Amino acid sequence: MAKELEFLTKRSEDYSKWYNELVVKADLAEQSDVRGCMVIKPYGYAIWEKMQRVLDDMFKETGVQNAYFPLLIPKSFLSKEAEHVEGFAKECAVVTHYRLKTNETHDGVVVDPAARLEEELIIRPTSETIIWNTFKNWIHSYRDLPLLVNQWCNVMRWEMRTRLFLRTSEFLWQEGHTAHATREEAEARAQQMLKVYANFAENYMAVPVIQGVKSETERFAGALDTYTIEAMMQDGKALQSGTSHFLGQNFGKAFDVQFLNKENKPEYAWATSWGVSTRLMGALIMTHSDDNGLVLPPALAPTQVVIIPIGKLAQMEQLDAKAEEIVKNLKALGISVKYDNADNKRPGFKFADYELKGVPVRLVLGARDLEQGVVEIMRRDTLEKENVSIEGIEQYIKNLLDDIQQNIFQKAKAYRDAHIYECDNYEEFKERVKDGGFFLCHWDGTAETEAQIKEETQATIRCVPFGVEQTPGTDMVSGKPAKARVLIARSY
RNA sequence: CGGGGUGUAGCGCAGUUGGUAGCGCACCUGGUUUGGGACCAGGUGGUCGCCCGUUCGAGUCGGGUCACCCCGACCA
């Protein structure tokens with residue numbers, strides 16, 4: 001290397017800084033000039049689009065259909081469900097006027113005071129209220145149920161502190177909303193969608209997650225139960241990556257959504273809602289990336305393979321021809337591939353750049369190698385290089401992509417599992433939780449101990465995990481009897 | 001809203017006791033290069049966040065103000 005240049009801060013130095021730099025340098029997104037908002041750049045959006053496509057198919061397989069509801073919600077809707085208002089009131093952007101006019105000096109505009117709205121409109125922080133207001137007109141009979149809709153949209157929550165992808169004032173997401181005739185069916189749906197999220201996280205994003213149910217204090221505003229998938233980032237912090245809520249009849253009652261059951265008796269509809277957001281991009285970045293940049297799972301990488309030619313000008317024609325042949329064969333196998341023969345960037349620059357962007361597989365097609373019938377192939381996850389015969393390279397790459405997908409999942413899982421601890425001593429917990437990691441601890445189930453832990457350690461109860469063999473014990477804080485161990489961690 | 005910090009070129013920064021604006025990257029031109037972020041030469045680019053004051057003179061000193069960032073409280 002001619003000159004030592006730091007393109008990224010080292011992960012170990014300052015994780016937040018490293019994350020921010022990575023997001024910007026990998027060309028995923030940048031801070032907008034608009035307060036707390038984010039510009040998602042084409043490369044970042046391509047990854048999001050791929051996520052959307054996969055998730056959308058998964059939803060449809062469960063019978064969900066897409067729809068779209070208004071961005072603006074009359075203020076009165078929000079006050080119909082008491083807990084719901086309580087949860088969102090503090091972070092709502094409000095539309096109060098519908099017109100501007102030129103100012104007195106004619107060099108700018110001001111809000112026209114004459115154009116004040118009679119009822120203010122809220123920019124949706126989530127759409128339960130406006131959707132259930134609509135459901136009222138759609139649901140009359142048990143034959144109308146279940147009603148399963150999803151919308152892809154933006155929402156706005158006026159957060160105090162924002163971070164690219166993880167917490168922005170405006171974010172993109174999907175929110176599913178379902179209405180059911182029975183409690184059991186609604187509960188089952190809420191859990192079913194959590195499974196969909198967990199499946200997506202683990203098998204496409206290659207992000208291992210812990211599924212569980214939230215404590216009462218961490219519940220969604222207006223829910224009876226909130227299910228969650230929790231992922232561990234490389235600094236040991238937890239990231240809530242998706243949630244699914246069993247809403248009971250709260251919204252059915254608040255918006256008077258009643259149907260006649262088979263006995264011709266009126267009943268309130270049972271509800272669920274569930275969502276994942278562009279925060280998943282944050283999870284993807286923070287789970288796999290290394291000091292060279294992003295590491296994308298092949299299942300979601302916009303470009304799975306990049307081919308870079310190296311040679312003198314006179315040799316380029318020959319290299320182009322060979323590359324086009326490989327490109328054609330890879331495309332036939334359904335692999336997305338880019339041949340980068342731009343002559344205004346040097347090969348070394350391209351290597352570093354595609355590594356930064358996380359392209360899973362790189363081929364180097366050199367004039368020397370070509371004579372011997374080989375190409376250099378590098379896998380992004382381990383950075384290992386080898387020379388492989390061009391003959392049959394396509395199938396080799398296909399297998400390699402599968403292998404990378406598996407490998408990064410296993411690597412992330414091994415990291416996570418190595419940082420999950422059972423802990424029964426609060427003093428020890430306080431000391432160790434600073435360094436990150438997930439702690440499985442007995443909890444007496446009271447909000448008081450939960451609050452005390454948060455107060456003293458900044459860690460919160462992430463969930464009561466499913467699928468963990470539970471034995472009764474004593475709460476490490478209060479010493480009272482506890483039924484089960486819960487997952488406690490510091491989080492984003 | 002509490003505690004800390006920063007505002008100087010597109011980005012990252014330096015600027016001494018006050019003396020009239022500088023470096024690296026990026027960008028543009030030309031040339032040589034091209035197997036791990038090339039090199040040489042030349043060039044473009046600034047109302048020093050804003051206002052007021054002190055001074056012959058302010059990026060620098062004083063007062064005010066605005067914006068942004070970090071740590072808390074809130075959250076997908």
# chains A, B, ... in the order shown; residues from 1 in each chain; ligands from 1
$ residues_around --residues "G19 of chain B" --least-positions-apart "2" --cutoff "12 Å" --atoms "only C-alpha atoms (C1' of nucleotides)" --output "JSON, numbers by chain"
{"B": [17, 56, 57, 58, 60]}
$ interface_residues --of "chain B" --to "chain A" --cutoff "10 Å" --atoms "only C-alpha atoms (C1' of nucleotides)" --output "number ranges by chain"
B: 33-39, 73-76
$ residues_around --residues "Ile461 of chain A" --least-positions-apart "3" --cutoff "8 Å" --atoms "only C-alpha atoms (C1' of nucleotides)" --output "list in words"
Lys214, Ser215, Glu218, Glu450, Val464, Val486, Leu487, Ile488 and Ala489 of chain A
$ select_by_dssp --residues "segment 137-207 of chain A" --states "alpha helix (DSSP H)" --output "ChimeraX atom specification"
/A:137-138,183-203
$ residues_around --residues "segment 111-119 of chain A" --least-positions-apart "2" --cutoff "8 Å" --atoms "only C-alpha atoms (C1' of nucleotides)" --output "number ranges by chain"
A: 74-75, 96-101, 109, 121
$ residues_around --residues "segment 336-340 of chain A" --least-positions-apart "5" --cutoff "7 Å" --atoms "only C-alpha atoms (C1' of nucleotides)" --output "PDB file with N, CA and C atoms, in the first residue's frame"
ATOM      1  N   THR A 303     -26.157  -6.662  -5.062  1.00  0.00           N
ATOM      2  CA  THR A 303     -25.203  -7.292  -5.976  1.00  0.00           C
ATOM      3  C   THR A 303     -24.530  -8.418  -5.214  1.00  0.00           C
ATOM      4  N   GLN A 304     -24.668  -9.638  -5.723  1.00  0.00           N
ATOM      5  CA  GLN A 304     -24.090 -10.779  -5.003  1.00  0.00           C
ATOM      6  C   GLN A 304     -22.658 -11.059  -5.424  1.00  0.00           C
ATOM      7  N   VAL A 305     -22.371 -10.763  -6.677  1.00  0.00           N
ATOM      8  CA  VAL A 305     -21.038 -11.043  -7.199  1.00  0.00           C
ATOM      9  C   VAL A 305     -20.563  -9.846  -8.010  1.00  0.00           C
ATOM     10  N   VAL A 306     -19.315  -9.451  -7.801  1.00  0.00           N
ATOM     11  CA  VAL A 306     -18.744  -8.411  -8.654  1.00  0.00           C
ATOM     12  C   VAL A 306     -17.511  -8.986  -9.342  1.00  0.00           C
ATOM     13  N   ILE A 307     -17.366  -8.656 -10.612  1.00  0.00           N
ATOM     14  CA  ILE A 307     -16.212  -9.128 -11.378  1.00  0.00           C
ATOM     15  C   ILE A 307     -15.374  -7.921 -11.770  1.00  0.00           C
ATOM     16  N   ILE A 308     -14.092  -7.991 -11.428  1.00  0.00           N
ATOM     17  CA  ILE A 308     -13.189  -6.880 -11.727  1.00  0.00           C
ATOM     18  C   ILE A 308     -12.072  -7.367 -12.648  1.00  0.00           C
ATOM     19  N   VAL A 327     -20.874 -13.630 -16.629  1.00  0.00           N
ATOM     20  CA  VAL A 327     -22.053 -12.870 -16.198  1.00  0.00           C
ATOM     21  C   VAL A 327     -23.329 -13.544 -16.685  1.00  0.00           C
ATOM     22  N   LYS A 331     -26.209 -15.120 -14.275  1.00  0.00           N
ATOM     23  CA  LYS A 331     -27.576 -14.615 -14.321  1.00  0.00           C
ATOM     24  C   LYS A 331     -28.562 -15.741 -14.575  1.00  0.00           C
TER      25      LYS A 331
END
$ residues_around --residues "Leu22 of chain A" --least-positions-apart "5" --cutoff "12 Å" --atoms "only C-alpha atoms (C1' of nucleotides)" --output "tab-separated table (two decimals) with N, CA and C atoms, in the first residue's frame"
chain	number	residue	atom	x	y	z
A	7	PHE	N	-9.91	4.45	6.45
A	7	PHE	CA	-11.20	4.73	5.82
A	7	PHE	C	-12.34	4.59	6.82
A	8	LEU	N	-12.09	3.81	7.81
A	8	LEU	CA	-13.09	3.63	8.86
A	8	LEU	C	-12.41	3.64	10.20
A	9	THR	N	-13.05	4.24	11.16
A	9	THR	CA	-12.60	4.10	12.54
A	9	THR	C	-12.64	2.62	12.88
A	10	LYS	N	-11.75	2.18	13.75
A	10	LYS	CA	-11.81	0.79	14.18
A	10	LYS	C	-13.04	0.59	15.07
A	11	ARG	N	-13.67	-0.57	14.91
A	11	ARG	CA	-14.88	-0.85	15.68
A	11	ARG	C	-14.68	-0.70	17.17
A	15	TYR	N	-17.79	2.58	18.98
A	15	TYR	CA	-18.74	1.82	18.17
A	15	TYR	C	-19.75	2.71	17.46
A	16	SER	N	-20.23	3.74	18.14
A	16	SER	CA	-21.23	4.63	17.54
A	16	SER	C	-20.65	5.36	16.33
A	17	LYS	N	-19.43	5.85	16.53
A	17	LYS	CA	-18.78	6.60	15.47
A	17	LYS	C	-18.53	5.70	14.26
A	27	ASP	N	-22.35	4.31	1.58
A	27	ASP	CA	-23.30	4.95	0.68
A	27	ASP	C	-24.73	4.47	0.92
A	28	LEU	N	-25.04	4.18	2.18
A	28	LEU	CA	-26.38	3.69	2.50
A	28	LEU	C	-27.34	4.85	2.80
A	29	ALA	N	-26.88	5.79	3.59
A	29	ALA	CA	-27.77	6.88	4.00
A	29	ALA	C	-26.95	8.02	4.55
A	30	GLU	N	-27.61	9.16	4.73
A	30	GLU	CA	-26.95	10.29	5.38
A	30	GLU	C	-27.99	11.09	6.15
A	44	GLY	N	-28.49	1.99	-0.23
A	44	GLY	CA	-29.22	1.59	0.97
A	44	GLY	C	-30.65	1.21	0.66
A	164	LEU	N	-28.94	7.29	12.53
A	164	LEU	CA	-29.27	6.75	11.21
A	164	LEU	C	-29.81	5.32	11.32
A	282	GLY	N	-30.27	-1.21	10.32
A	282	GLY	CA	-29.29	-1.03	11.39
A	282	GLY	C	-28.85	-2.37	11.95
A	285	ILE	N	-26.49	-4.08	9.52
A	285	ILE	CA	-25.17	-3.45	9.49
A	285	ILE	C	-24.38	-3.82	10.75
A	286	MET	N	-25.03	-3.69	11.89
A	286	MET	CA	-24.29	-3.86	13.15
A	286	MET	C	-24.03	-5.31	13.51
A	289	SER	N	-20.97	-6.42	10.06
A	289	SER	CA	-19.88	-5.64	9.47
A	289	SER	C	-18.56	-5.81	10.21
A	290	ASP	N	-17.47	-5.59	9.48
A	290	ASP	CA	-16.15	-5.63	10.11
A	290	ASP	C	-15.42	-4.32	9.78
A	291	ASP	N	-14.14	-4.27	10.11
A	291	ASP	CA	-13.42	-3.00	9.93
A	291	ASP	C	-13.19	-2.64	8.46
A	292	ASN	N	-13.46	-3.58	7.57
A	292	ASN	CA	-13.36	-3.25	6.14
A	292	ASN	C	-14.68	-2.74	5.59
A	293	GLY	N	-15.73	-2.83	6.38
A	293	GLY	CA	-17.03	-2.32	5.93
A	293	GLY	C	-18.15	-3.31	6.13
A	294	LEU	N	-19.16	-3.12	5.30
A	294	LEU	CA	-20.35	-3.96	5.38
A	294	LEU	C	-20.05	-5.41	5.01
A	295	VAL	N	-20.82	-6.31	5.59
A	295	VAL	CA	-20.84	-7.70	5.13
A	295	VAL	C	-22.31	-8.03	4.92
A	353	ASP	N	-13.60	-0.65	-2.34
A	353	ASP	CA	-14.94	-0.09	-2.40
A	353	ASP	C	-16.02	-1.17	-2.32
A	355	GLU	N	-15.65	-4.07	-1.00
A	355	GLU	CA	-15.60	-4.63	0.36
A	355	GLU	C	-16.38	-3.74	1.31
A	356	LEU	N	-16.17	-2.44	1.16
A	356	LEU	CA	-16.89	-1.47	2.00
A	356	LEU	C	-18.39	-1.64	1.83
A	357	LYS	N	-18.82	-1.96	0.63
A	357	LYS	CA	-20.24	-2.08	0.36
A	357	LYS	C	-20.78	-3.48	0.62
A	358	GLY	N	-19.90	-4.38	0.99
A	358	GLY	CA	-20.37	-5.68	1.46
A	358	GLY	C	-20.74	-6.69	0.40
$ residues_around --residues "Asp381 of chain A" --least-positions-apart "5" --cutoff "8 Å" --atoms "only C-alpha atoms (C1' of nucleotides)" --output "VMD selection string"
chain A and resid 295 360 404 407 to 408
